[in-house]
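Structure file my_file07.cif; described as mmCIF, C-alpha atoms.
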```
data_structure
#
loop_
_atom_site.group_PDB
_atom_site.id
_atom_site.type_symbol
_atom_site.label_atom_id
_atom_site.label_comp_id
_atom_site.auth_asym_id
_atom_site.auth_seq_id
_atom_site.Cartn_x
_atom_site.Cartn_y
_atom_site.Cartn_z
ATOM 1 C CA MET O 9 19.647 48.308 -55.263
ATOM 2 C CA SER O 10 19.837 51.253 -52.844
ATOM 3 C CA ILE O 11 20.732 54.792 -53.883
ATOM 4 C CA GLU O 12 24.085 54.314 -52.102
ATOM 5 C CA GLN O 13 24.776 51.177 -54.124
ATOM 6 C CA ALA O 14 23.890 53.025 -57.313
ATOM 7 C CA GLU O 15 26.263 55.828 -56.344
ATOM 8 C CA ASP O 16 28.999 53.290 -55.668
ATOM 9 C CA LEU O 17 28.395 51.952 -59.144
ATOM 10 C CA ALA O 18 29.255 55.359 -60.532
ATOM 11 C CA HIS O 19 32.720 55.075 -59.018
ATOM 12 C CA ASP O 20 33.272 51.414 -59.816
ATOM 13 C CA GLU O 21 35.104 49.907 -62.693
ATOM 14 C CA PHE O 22 31.867 48.422 -63.997
ATOM 15 C CA VAL O 23 31.848 48.732 -67.773
ATOM 16 C CA PHE O 24 28.642 49.351 -69.670
ATOM 17 C CA GLU O 25 28.672 47.720 -73.058
ATOM 18 C CA VAL O 26 25.754 48.462 -75.297
ATOM 19 C CA PHE O 27 26.606 45.631 -77.697
ATOM 20 C CA ALA O 28 25.812 43.119 -74.941
ATOM 21 C CA ALA O 29 22.110 42.245 -75.005
ATOM 22 C CA ARG O 30 21.860 42.128 -71.208
ATOM 23 C CA CYS O 31 23.657 45.354 -70.430
ATOM 24 C CA PRO O 32 21.233 47.874 -68.876
ATOM 25 C CA SER O 33 22.589 50.500 -71.294
ATOM 26 C CA ARG O 34 20.739 48.680 -74.094
ATOM 27 C CA ALA O 35 17.340 49.593 -72.583
ATOM 28 C CA THR O 36 18.326 53.221 -72.023
ATOM 29 C CA LEU O 37 19.676 53.443 -75.560
ATOM 30 C CA GLU O 38 16.275 52.275 -76.770
ATOM 31 C CA HIS O 39 14.493 54.843 -74.597
ATOM 32 C CA VAL O 40 16.509 57.770 -75.942
ATOM 33 C CA THR O 41 16.895 56.654 -79.571
ATOM 34 C CA GLY O 42 13.552 54.900 -79.977
ATOM 35 C CA LYS O 43 11.252 56.451 -82.567
ATOM 36 C CA TRP O 44 9.231 58.392 -79.983
ATOM 37 C CA GLY O 45 11.918 58.920 -77.371
ATOM 38 C CA ILE O 46 14.205 60.789 -79.734
ATOM 39 C CA LEU O 47 11.379 63.039 -80.938
ATOM 40 C CA ALA O 48 9.971 63.691 -77.454
ATOM 41 C CA LEU O 49 13.388 64.586 -76.018
ATOM 42 C CA SER O 50 14.180 66.840 -78.973
ATOM 43 C CA ALA O 51 10.847 68.642 -78.640
ATOM 44 C CA LEU O 52 11.322 69.112 -74.892
ATOM 45 C CA ASN O 53 14.765 70.547 -75.581
ATOM 46 C CA ASP O 54 13.066 73.695 -76.894
ATOM 47 C CA GLU O 55 10.348 74.140 -74.286
ATOM 48 C CA SER O 56 8.313 72.333 -71.655
ATOM 49 C CA TYR O 57 5.084 70.766 -72.819
ATOM 50 C CA ARG O 58 1.783 69.594 -71.419
ATOM 51 C CA PHE O 59 0.953 66.066 -72.494
ATOM 52 C CA ASN O 60 -1.527 66.891 -75.263
ATOM 53 C CA ALA O 61 0.605 69.660 -76.749
ATOM 54 C CA LEU O 62 3.574 67.300 -76.865
ATOM 55 C CA ARG O 63 1.401 64.696 -78.504
ATOM 56 C CA ARG O 64 0.480 67.174 -81.240
ATOM 57 C CA LYS O 65 4.138 68.112 -81.716
ATOM 58 C CA VAL O 66 5.274 64.479 -82.017
ATOM 59 C CA ASP O 67 3.055 63.850 -85.006
ATOM 60 C CA GLY O 68 1.735 60.284 -85.231
ATOM 61 C CA VAL O 69 2.365 59.078 -81.665
ATOM 62 C CA SER O 70 -0.527 57.400 -79.834
ATOM 63 C CA GLU O 71 -1.554 58.506 -76.351
ATOM 64 C CA LYS O 72 -0.474 55.156 -74.940
ATOM 65 C CA MET O 73 2.941 55.155 -76.625
ATOM 66 C CA LEU O 74 3.705 58.736 -75.594
ATOM 67 C CA ALA O 75 2.724 57.992 -71.985
ATOM 68 C CA ALA O 76 4.972 54.891 -71.945
ATOM 69 C CA THR O 77 7.828 56.825 -73.586
ATOM 70 C CA LEU O 78 7.619 59.685 -71.079
ATOM 71 C CA GLN O 79 7.439 57.322 -68.132
ATOM 72 C CA ALA O 80 10.576 55.452 -69.251
ATOM 73 C CA LEU O 81 12.397 58.762 -69.816
ATOM 74 C CA GLU O 82 11.273 60.024 -66.412
ATOM 75 C CA ARG O 83 12.481 56.854 -64.686
ATOM 76 C CA ASP O 84 15.852 57.107 -66.463
ATOM 77 C CA GLY O 85 16.207 60.665 -65.159
ATOM 78 C CA PHE O 86 15.849 62.551 -68.462
ATOM 79 C CA VAL O 87 12.369 63.998 -68.001
ATOM 80 C CA HIS O 88 10.815 65.855 -65.083
ATOM 81 C CA ARG O 89 7.058 65.474 -64.656
ATOM 82 C CA GLU O 90 5.394 68.310 -62.758
ATOM 83 C CA ASP O 91 1.845 67.771 -61.597
ATOM 84 C CA HIS O 92 0.443 71.199 -60.668
ATOM 85 C CA ARG O 93 -2.384 69.467 -58.749
ATOM 86 C CA THR O 94 -5.038 71.716 -60.194
ATOM 87 C CA ASN O 95 -8.533 70.898 -61.340
ATOM 88 C CA PRO O 96 -8.646 70.306 -64.276
ATOM 89 C CA PRO O 97 -5.190 68.692 -63.936
ATOM 90 C CA ILE O 98 -2.155 70.436 -65.426
ATOM 91 C CA VAL O 99 0.812 68.144 -65.853
ATOM 92 C CA GLU O 100 3.913 69.580 -67.439
ATOM 93 C CA TYR O 101 6.928 67.774 -68.822
ATOM 94 C CA SER O 102 10.386 69.310 -68.989
ATOM 95 C CA LEU O 103 13.976 68.102 -69.179
ATOM 96 C CA THR O 104 16.360 67.504 -66.297
ATOM 97 C CA ASP O 105 19.993 68.579 -66.725
ATOM 98 C CA LEU O 106 20.826 65.068 -67.892
ATOM 99 C CA GLY O 107 17.887 65.246 -70.281
ATOM 100 C CA LYS O 108 19.048 68.588 -71.698
ATOM 101 C CA GLN O 109 22.556 67.287 -72.241
ATOM 102 C CA THR O 110 21.131 64.222 -74.005
ATOM 103 C CA ALA O 111 18.525 66.117 -76.027
ATOM 104 C CA ARG O 112 21.144 68.475 -77.441
ATOM 105 C CA ARG O 113 22.952 65.474 -78.915
ATOM 106 C CA LEU O 114 19.765 63.944 -80.268
ATOM 107 C CA LYS O 115 18.671 67.208 -81.838
ATOM 108 C CA ALA O 116 21.994 67.492 -83.631
ATOM 109 C CA LEU O 117 21.435 63.959 -84.915
ATOM 110 C CA LEU O 118 17.896 64.783 -86.148
ATOM 111 C CA LYS O 119 19.216 67.850 -87.933
ATOM 112 C CA TYR O 120 21.967 65.753 -89.471
ATOM 113 C CA VAL O 121 19.467 63.154 -90.749
ATOM 114 C CA GLU O 122 17.277 65.903 -92.220
ATOM 115 C CA ASP O 123 20.348 67.381 -93.928
ATOM 116 C CA ILE O 124 21.472 64.139 -95.575
ATOM 117 C CA MET O 125 17.996 63.251 -96.903
ATOM 118 C CA PRO O 126 18.754 64.375 -100.489
ATOM 119 C CA SER O 127 21.693 61.898 -100.582
ATOM 120 C CA VAL O 128 19.550 59.200 -98.984
ATOM 121 C CA ILE O 129 16.747 59.667 -101.496
ATOM 122 C CA GLY O 130 19.290 59.612 -104.326
ATOM 123 C CA ALA O 131 20.611 56.290 -102.995
ATOM 124 C CA GLN O 132 17.080 54.870 -102.668
ATOM 125 C CA VAL O 133 16.269 55.766 -106.265
ATOM 126 C CA ALA O 134 19.518 54.194 -107.525
ATOM 127 C CA TYR O 135 18.863 51.058 -105.445
ATOM 128 C CA ASP O 136 15.321 50.681 -106.751
ATOM 129 C CA ASP O 137 16.407 51.423 -110.337
ATOM 130 C CA ALA O 138 19.101 48.730 -110.216
ATOM 131 C CA ARG O 139 16.453 46.232 -109.164
ATOM 132 C CA GLY O 140 13.857 47.407 -111.670
ATOM 133 C CA VAL O 141 11.432 48.451 -108.916
ATOM 134 C CA MET J 14 11.359 59.406 -109.174
ATOM 135 C CA SER J 15 14.398 59.398 -111.495
ATOM 136 C CA ILE J 16 17.986 59.901 -110.333
ATOM 137 C CA GLU J 17 17.891 63.339 -111.986
ATOM 138 C CA GLN J 18 14.774 64.276 -110.056
ATOM 139 C CA ALA J 19 16.416 63.088 -106.846
ATOM 140 C CA GLU J 20 19.464 65.206 -107.637
ATOM 141 C CA ASP J 21 17.240 68.206 -108.274
ATOM 142 C CA LEU J 22 15.748 67.615 -104.872
ATOM 143 C CA ALA J 23 19.180 68.117 -103.366
ATOM 144 C CA HIS J 24 19.262 71.626 -104.754
ATOM 145 C CA ASP J 25 15.658 72.511 -104.048
ATOM 146 C CA GLU J 26 14.224 74.389 -101.159
ATOM 147 C CA PHE J 27 12.388 71.260 -100.040
ATOM 148 C CA VAL J 28 12.549 71.053 -96.269
ATOM 149 C CA PHE J 29 12.777 67.743 -94.477
ATOM 150 C CA GLU J 30 11.037 67.811 -91.134
ATOM 151 C CA VAL J 31 11.417 64.772 -88.977
ATOM 152 C CA PHE J 32 8.588 65.803 -86.649
ATOM 153 C CA ALA J 33 6.108 65.360 -89.513
ATOM 154 C CA ALA J 34 4.890 61.760 -89.635
ATOM 155 C CA ARG J 35 4.883 61.655 -93.437
ATOM 156 C CA CYS J 36 8.312 63.151 -94.046
ATOM 157 C CA PRO J 37 10.654 60.546 -95.588
ATOM 158 C CA SER J 38 13.298 61.563 -93.037
ATOM 159 C CA ARG J 39 11.202 59.798 -90.384
ATOM 160 C CA ALA J 40 11.838 56.389 -91.984
ATOM 161 C CA THR J 41 15.564 57.040 -92.383
ATOM 162 C CA LEU J 42 15.779 58.240 -88.798
ATOM 163 C CA GLU J 43 14.251 54.936 -87.750
ATOM 164 C CA HIS J 44 16.726 52.981 -89.878
ATOM 165 C CA VAL J 45 19.778 54.652 -88.372
ATOM 166 C CA THR J 46 18.570 55.020 -84.776
ATOM 167 C CA GLY J 47 16.476 51.867 -84.547
ATOM 168 C CA LYS J 48 17.688 49.330 -81.994
ATOM 169 C CA TRP J 49 19.535 47.208 -84.582
ATOM 170 C CA GLY J 50 20.436 49.912 -87.085
ATOM 171 C CA ILE J 51 22.408 51.932 -84.565
ATOM 172 C CA LEU J 52 24.331 48.860 -83.390
ATOM 173 C CA ALA J 53 24.984 47.513 -86.909
ATOM 174 C CA LEU J 54 26.254 50.873 -88.180
ATOM 175 C CA SER J 55 28.454 51.348 -85.122
ATOM 176 C CA ALA J 56 29.948 47.861 -85.508
ATOM 177 C CA LEU J 57 30.605 48.420 -89.222
ATOM 178 C CA ASN J 58 32.338 51.676 -88.357
ATOM 179 C CA ASP J 59 35.258 49.640 -86.992
ATOM 180 C CA GLU J 60 35.548 46.987 -89.694
ATOM 181 C CA SER J 61 33.650 45.236 -92.470
ATOM 182 C CA TYR J 62 31.734 42.130 -91.465
ATOM 183 C CA ARG J 63 30.310 39.017 -93.022
ATOM 184 C CA PHE J 64 26.674 38.474 -92.104
ATOM 185 C CA ASN J 65 27.148 35.856 -89.401
ATOM 186 C CA ALA J 66 30.055 37.646 -87.758
ATOM 187 C CA LEU J 67 27.981 40.826 -87.611
ATOM 188 C CA ARG J 68 25.120 38.862 -86.125
ATOM 189 C CA ARG J 69 27.403 37.620 -83.338
ATOM 190 C CA LYS J 70 28.668 41.154 -82.705
ATOM 191 C CA VAL J 71 25.154 42.623 -82.499
ATOM 192 C CA ASP J 72 24.195 40.377 -79.610
ATOM 193 C CA GLY J 73 20.508 39.406 -79.560
ATOM 194 C CA VAL J 74 19.511 40.271 -83.135
ATOM 195 C CA SER J 75 17.630 37.624 -85.126
ATOM 196 C CA GLU J 76 18.771 36.597 -88.609
ATOM 197 C CA LYS J 77 15.591 38.035 -90.088
ATOM 198 C CA MET J 78 15.860 41.381 -88.276
ATOM 199 C CA LEU J 79 19.521 41.830 -89.150
ATOM 200 C CA ALA J 80 18.826 41.055 -92.825
ATOM 201 C CA ALA J 81 15.962 43.587 -92.901
ATOM 202 C CA THR J 82 18.090 46.178 -91.087
ATOM 203 C CA LEU J 83 21.017 45.780 -93.504
ATOM 204 C CA GLN J 84 18.756 45.931 -96.534
ATOM 205 C CA ALA J 85 17.149 49.191 -95.364
ATOM 206 C CA LEU J 86 20.590 50.662 -94.622
ATOM 207 C CA GLU J 87 21.876 49.544 -98.029
ATOM 208 C CA ARG J 88 18.894 51.103 -99.812
ATOM 209 C CA ASP J 89 19.401 54.380 -97.894
ATOM 210 C CA GLY J 90 23.028 54.440 -99.068
ATOM 211 C CA PHE J 91 24.743 53.784 -95.719
ATOM 212 C CA VAL J 92 25.869 50.189 -96.245
ATOM 213 C CA HIS J 93 27.671 48.567 -99.149
ATOM 214 C CA ARG J 94 26.956 44.873 -99.717
ATOM 215 C CA GLU J 95 29.688 43.007 -101.577
ATOM 216 C CA ASP J 96 28.839 39.556 -102.885
ATOM 217 C CA HIS J 97 32.152 37.871 -103.756
ATOM 218 C CA ARG J 98 30.238 35.298 -105.840
ATOM 219 C CA THR J 99 32.162 32.387 -104.390
ATOM 220 C CA ASN J 100 30.964 28.958 -103.433
ATOM 221 C CA PRO J 101 30.241 28.799 -100.530
ATOM 222 C CA PRO J 102 29.005 32.401 -100.783
ATOM 223 C CA ILE J 103 30.962 35.196 -99.122
ATOM 224 C CA VAL J 104 28.958 38.373 -98.651
ATOM 225 C CA GLU J 105 30.628 41.248 -96.920
ATOM 226 C CA TYR J 106 29.074 44.389 -95.490
ATOM 227 C CA SER J 107 30.934 47.662 -95.154
ATOM 228 C CA LEU J 108 30.067 51.350 -94.863
ATOM 229 C CA THR J 109 29.807 53.872 -97.685
ATOM 230 C CA ASP J 110 31.206 57.362 -97.082
ATOM 231 C CA LEU J 111 27.743 58.502 -96.008
ATOM 232 C CA GLY J 112 27.567 55.463 -93.726
ATOM 233 C CA LYS J 113 30.942 56.266 -92.142
ATOM 234 C CA GLN J 114 29.955 59.864 -91.522
ATOM 235 C CA THR J 115 26.702 58.668 -89.920
ATOM 236 C CA ALA J 116 28.271 55.835 -87.933
ATOM 237 C CA ARG J 117 30.810 58.159 -86.335
ATOM 238 C CA ARG J 118 27.930 60.208 -84.916
ATOM 239 C CA LEU J 119 26.058 57.129 -83.721
ATOM 240 C CA LYS J 120 29.150 55.672 -82.087
ATOM 241 C CA ALA J 121 29.676 58.891 -80.172
ATOM 242 C CA LEU J 122 26.053 58.629 -79.019
ATOM 243 C CA LEU J 123 26.483 54.991 -77.901
ATOM 244 C CA LYS J 124 29.601 55.949 -75.974
ATOM 245 C CA TYR J 125 27.722 58.835 -74.392
ATOM 246 C CA VAL J 126 24.863 56.556 -73.299
ATOM 247 C CA GLU J 127 27.326 54.068 -71.812
ATOM 248 C CA ASP J 128 29.027 56.925 -69.950
ATOM 249 C CA ILE J 129 25.841 58.306 -68.380
ATOM 250 C CA MET J 130 24.573 54.881 -67.219
ATOM 251 C CA PRO J 131 25.638 55.409 -63.566
ATOM 252 C CA SER J 132 23.459 58.573 -63.461
ATOM 253 C CA VAL J 133 20.623 56.753 -65.222
ATOM 254 C CA ILE J 134 20.719 53.836 -62.803
ATOM 255 C CA GLY J 135 20.808 56.287 -59.878
ATOM 256 C CA ALA J 136 17.678 57.947 -61.268
ATOM 257 C CA GLN J 137 15.940 54.594 -61.769
ATOM 258 C CA VAL J 138 16.627 53.576 -58.171
ATOM 259 C CA ALA J 139 15.330 56.919 -56.866
ATOM 260 C CA TYR J 140 12.227 56.636 -59.062
ATOM 261 C CA ASP J 141 11.466 53.122 -57.883
ATOM 262 C CA ASP J 142 12.173 54.003 -54.231
ATOM 263 C CA ALA J 143 9.753 56.951 -54.360
ATOM 264 C CA ARG J 144 7.053 54.599 -55.592
ATOM 265 C CA GLY J 145 7.872 51.831 -53.105
ATOM 266 C CA VAL J 146 8.789 49.390 -55.925
#
```
Written as structure tokens, how would this file's structure read?
Amino acid sequence: MSIEQAEDLAHDEFVFEVFAARCPSRATLEHVTGKWGILALSALNDESYRFNALRRKVDGVSEKMLAATLQALERDGFVHREDHRTNPPIVEYSLTDLGKQTARRLKALLKYVEDIMPSVIGAQVAYDDARGV
Amino acid sequence: MSIEQAEDLAHDEFVFEVFAARCPSRATLEHVTGKWGILALSALNDESYRFNALRRKVDGVSEKMLAATLQALERDGFVHREDHRTNPPIVEYSLTDLGKQTARRLKALLKYVEDIMPSVIGAQVAYDDARGV
């Protein structure tokens, strides 16, 4: 597909439907809401990061998984990768406008999940109790 | 932990921090934003479903994955599982109040991702073009 064709797509009646397994929106949904994608985008919402600093922030991610996550997010247009071409290399990751817009929504969702955790833990205890766990 | 202890937790100063690998909010985040969790919760936001109907709606999910997803969401207090104790068995899944509140947010996110897909596909084409893919 050319850039012109992609731009045409933006004006077409083509409907993206995330419930359909083959819709390309399914892959993007996984990039932004995947375990590491959601955390990386939320972290980058606050500041730009070099790779290793971001890896420390997103506690538990492997080097390989973070690299794959950032590459998918860069290809989707959420993340900008700036190679300062220095020696030793400095590569900085930041958000594009689309990434910022998306990260704001994800951050609100993270905050929401943190906020409901007391209810969730209460439900888990009740569930386990009822089953004698 | 007892139900009373869990309720105390709700009033404590305990801070949930999703960026920390060991925080329990990390697991819940994965349940609600995981590939199948987000789709199952969004589907259940519109209506209650029997297992097989939900499996058809969430295109591509395996029986095993959907069962595991629903069980995790039930334990977290998002999904209510109603066994009508009939023969043949009728088991219906619906959302709790916490589930509805959560699903509304996820549905808005799905809609958002569908809406930005023309920009995402434009970015993907530009990315691939720049790399001669």
Using only C-alpha atoms, tabulate the residues of chain J lying at most 7 Å from any atom of chain O, each with its closest atom pair and that distance in Å to one decimal, by chain and increasing residue number, as a tab-separated table.
```
residue	atom	partner	partner_atom	distance
J:Met14	CA	O:Val133	CA	6.8
J:Ser15	CA	O:Val133	CA	6.6
J:Ile16	CA	O:Val133	CA	6.0
J:Ala19	CA	O:Gly130	CA	5.2
J:Glu20	CA	O:Gly130	CA	6.5
J:Leu22	CA	O:Pro126	CA	6.2
J:Ala23	CA	O:Pro126	CA	4.7
J:Phe29	CA	O:Glu122	CA	5.4
J:Glu30	CA	O:Glu122	CA	6.6
J:Val31	CA	O:Glu122	CA	6.8
J:Phe32	CA	O:Val66	CA	5.8
J:Ala33	CA	O:Asp67	CA	5.6
J:Ala34	CA	O:Asp67	CA	5.4
J:Ser38	CA	O:Glu122	CA	5.9
J:Leu42	CA	O:Val121	CA	6.4
J:Glu43	CA	O:Lys43	CA	6.2
J:Thr46	CA	O:Thr41	CA	5.7
J:Gly47	CA	O:Gly42	CA	6.2
J:Lys48	CA	O:Glu38	CA	6.2
J:Leu52	CA	O:Phe27	CA	6.9
J:Val71	CA	O:Phe27	CA	5.8
J:Asp72	CA	O:Ala29	CA	5.4
J:Gly73	CA	O:Ala29	CA	5.6
J:Arg88	CA	O:Gln132	CA	5.1
J:Asp89	CA	O:Val128	CA	4.9
J:Gly90	CA	O:Ala131	CA	5.0
J:Val126	CA	O:Leu37	CA	6.5
J:Glu127	CA	O:Phe24	CA	5.3
J:Met130	CA	O:Ser33	CA	6.3
J:Pro131	CA	O:Ala18	CA	4.7
J:Val133	CA	O:Asp84	CA	4.9
J:Ile134	CA	O:Ala14	CA	6.4
J:Gly135	CA	O:Ala14	CA	5.2
J:Ala136	CA	O:Gly85	CA	5.0
J:Gln137	CA	O:Arg83	CA	5.1
J:Val138	CA	O:Ile11	CA	6.1
J:Ala139	CA	O:Ile11	CA	6.5
J:Tyr140	CA	O:Arg83	CA	5.6
```
Quiz item: At what distance in Å, to one decimal, does atom CA of Val87 of chain O lie from atom CA of Tyr101 of chain O?
Solution: 6.7 Å
Quiz item: With all atoms listed in the file as the basis for distance, which of O:Phe59, O:Arg139, O:Glu71, O:Asp54 is at the shortest distance from Glu90 of chain O?
Solution: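 Closest candidate: O:Phe59.
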Expected axis-aligned box over every listed atom of segment 31-36 of chain O, 8 Å added per side, centre plus edges in Å to one decimal, as lines of an AutoDock Vina configuration file:
```
center_x = 20.5
center_y = 49.3
center_z = -71.5
size_x = 22.3
size_y = 23.9
size_z = 21.2
```
Practice problem: Convert the output of the PyMOL selection byres ((chain O and resi 98) around 12) on the shown file into explicit residues, formatted as a VMD selection string. | Solution: chain O and resid 57 to 61 89 to 97 99 to 101
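Note that atom CA of Leu54 of chain J and atom CA of Met73 of chain O are 26.4 Å apart.
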Practice problem: Take atom CA of Thr109 of chain J and atom CA of Lys77 of chain J and report the distance between them in Å, one decimal. | Solution: 22.6 Å
Write segment 95-104 of chain O as a PDB file, in the coordinates of the input, completed to all heavy atoms.
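So out_7.pdb came out as:
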```
ATOM      1  N   ASN O  95      -7.367  71.542 -60.773  1.00  0.00           N
ATOM      2  CA  ASN O  95      -8.533  70.898 -61.340  1.00  0.00           C
ATOM      3  C   ASN O  95      -9.148  71.849 -62.360  1.00  0.00           C
ATOM      4  O   ASN O  95      -9.609  72.926 -61.975  1.00  0.00           O
ATOM      5  CB  ASN O  95      -9.552  70.576 -60.221  1.00  0.00           C
ATOM      6  CG  ASN O  95     -10.708  69.750 -60.758  1.00  0.00           C
ATOM      7  OD1 ASN O  95     -10.745  69.386 -61.931  1.00  0.00           O
ATOM      8  ND2 ASN O  95     -11.690  69.494 -59.897  1.00  0.00           N
ATOM      9  N   PRO O  96      -9.146  71.551 -63.664  1.00  0.00           N
ATOM     10  CA  PRO O  96      -8.646  70.306 -64.276  1.00  0.00           C
ATOM     11  C   PRO O  96      -7.128  70.168 -64.143  1.00  0.00           C
ATOM     12  O   PRO O  96      -6.448  71.181 -64.009  1.00  0.00           O
ATOM     13  CB  PRO O  96      -9.053  70.465 -65.750  1.00  0.00           C
ATOM     14  CG  PRO O  96      -9.137  71.941 -65.970  1.00  0.00           C
ATOM     15  CD  PRO O  96      -9.619  72.510 -64.672  1.00  0.00           C
ATOM     16  N   PRO O  97      -6.617  68.925 -64.167  1.00  0.00           N
ATOM     17  CA  PRO O  97      -5.190  68.692 -63.936  1.00  0.00           C
ATOM     18  C   PRO O  97      -4.286  69.334 -64.988  1.00  0.00           C
ATOM     19  O   PRO O  97      -4.612  69.337 -66.171  1.00  0.00           O
ATOM     20  CB  PRO O  97      -5.050  67.171 -63.987  1.00  0.00           C
ATOM     21  CG  PRO O  97      -6.280  66.665 -64.632  1.00  0.00           C
ATOM     22  CD  PRO O  97      -7.339  67.680 -64.421  1.00  0.00           C
ATOM     23  N   ILE O  98      -3.199  69.936 -64.525  1.00  0.00           N
ATOM     24  CA  ILE O  98      -2.155  70.436 -65.426  1.00  0.00           C
ATOM     25  C   ILE O  98      -0.878  69.677 -65.092  1.00  0.00           C
ATOM     26  O   ILE O  98      -0.367  69.778 -63.967  1.00  0.00           O
ATOM     27  CB  ILE O  98      -1.915  71.948 -65.240  1.00  0.00           C
ATOM     28  CG1 ILE O  98      -3.192  72.726 -65.596  1.00  0.00           C
ATOM     29  CG2 ILE O  98      -0.745  72.420 -66.095  1.00  0.00           C
ATOM     30  CD1 ILE O  98      -3.050  74.232 -65.463  1.00  0.00           C
ATOM     31  N   VAL O  99      -0.430  68.894 -66.047  1.00  0.00           N
ATOM     32  CA  VAL O  99       0.812  68.144 -65.853  1.00  0.00           C
ATOM     33  C   VAL O  99       1.780  68.584 -66.935  1.00  0.00           C
ATOM     34  O   VAL O  99       1.453  68.569 -68.118  1.00  0.00           O
ATOM     35  CB  VAL O  99       0.583  66.620 -65.938  1.00  0.00           C
ATOM     36  CG1 VAL O  99       1.900  65.874 -65.746  1.00  0.00           C
ATOM     37  CG2 VAL O  99      -0.432  66.178 -64.895  1.00  0.00           C
ATOM     38  N   GLU O 100       2.958  69.022 -66.501  1.00  0.00           N
ATOM     39  CA  GLU O 100       3.913  69.580 -67.439  1.00  0.00           C
ATOM     40  C   GLU O 100       5.184  68.738 -67.464  1.00  0.00           C
ATOM     41  O   GLU O 100       5.662  68.307 -66.417  1.00  0.00           O
ATOM     42  CB  GLU O 100       4.264  71.008 -67.015  1.00  0.00           C
ATOM     43  CG  GLU O 100       4.547  71.923 -68.175  1.00  0.00           C
ATOM     44  CD  GLU O 100       4.476  73.374 -67.717  1.00  0.00           C
ATOM     45  OE1 GLU O 100       4.862  73.642 -66.561  1.00  0.00           O
ATOM     46  OE2 GLU O 100       4.026  74.224 -68.489  1.00  0.00           O
ATOM     47  N   TYR O 101       5.697  68.544 -68.658  1.00  0.00           N
ATOM     48  CA  TYR O 101       6.928  67.774 -68.822  1.00  0.00           C
ATOM     49  C   TYR O 101       8.051  68.698 -69.250  1.00  0.00           C
ATOM     50  O   TYR O 101       7.867  69.525 -70.150  1.00  0.00           O
ATOM     51  CB  TYR O 101       6.728  66.683 -69.886  1.00  0.00           C
ATOM     52  CG  TYR O 101       5.729  65.637 -69.457  1.00  0.00           C
ATOM     53  CD1 TYR O 101       4.370  65.786 -69.722  1.00  0.00           C
ATOM     54  CD2 TYR O 101       6.152  64.507 -68.766  1.00  0.00           C
ATOM     55  CE1 TYR O 101       3.453  64.835 -69.313  1.00  0.00           C
ATOM     56  CE2 TYR O 101       5.244  63.549 -68.349  1.00  0.00           C
ATOM     57  CZ  TYR O 101       3.894  63.713 -68.624  1.00  0.00           C
ATOM     58  OH  TYR O 101       2.998  62.770 -68.199  1.00  0.00           O
ATOM     59  N   SER O 102       9.209  68.525 -68.606  1.00  0.00           N
ATOM     60  CA  SER O 102      10.386  69.310 -68.989  1.00  0.00           C
ATOM     61  C   SER O 102      11.612  68.403 -68.874  1.00  0.00           C
ATOM     62  O   SER O 102      11.499  67.253 -68.446  1.00  0.00           O
ATOM     63  CB  SER O 102      10.524  70.525 -68.075  1.00  0.00           C
ATOM     64  OG  SER O 102      10.617  70.102 -66.729  1.00  0.00           O
ATOM     65  N   LEU O 103      12.768  68.922 -69.242  1.00  0.00           N
ATOM     66  CA  LEU O 103      13.976  68.102 -69.179  1.00  0.00           C
ATOM     67  C   LEU O 103      14.779  68.384 -67.918  1.00  0.00           C
ATOM     68  O   LEU O 103      14.863  69.520 -67.463  1.00  0.00           O
ATOM     69  CB  LEU O 103      14.866  68.378 -70.396  1.00  0.00           C
ATOM     70  CG  LEU O 103      14.303  67.976 -71.753  1.00  0.00           C
ATOM     71  CD1 LEU O 103      15.346  68.218 -72.837  1.00  0.00           C
ATOM     72  CD2 LEU O 103      13.873  66.516 -71.762  1.00  0.00           C
ATOM     73  N   THR O 104      15.371  67.344 -67.363  1.00  0.00           N
ATOM     74  CA  THR O 104      16.360  67.504 -66.297  1.00  0.00           C
ATOM     75  C   THR O 104      17.668  67.950 -66.955  1.00  0.00           C
ATOM     76  O   THR O 104      17.770  68.011 -68.183  1.00  0.00           O
ATOM     77  CB  THR O 104      16.605  66.154 -65.608  1.00  0.00           C
ATOM     78  OG1 THR O 104      17.152  65.267 -66.596  1.00  0.00           O
ATOM     79  CG2 THR O 104      15.328  65.558 -65.049  1.00  0.00           C
TER      80      THR O 104
END
```
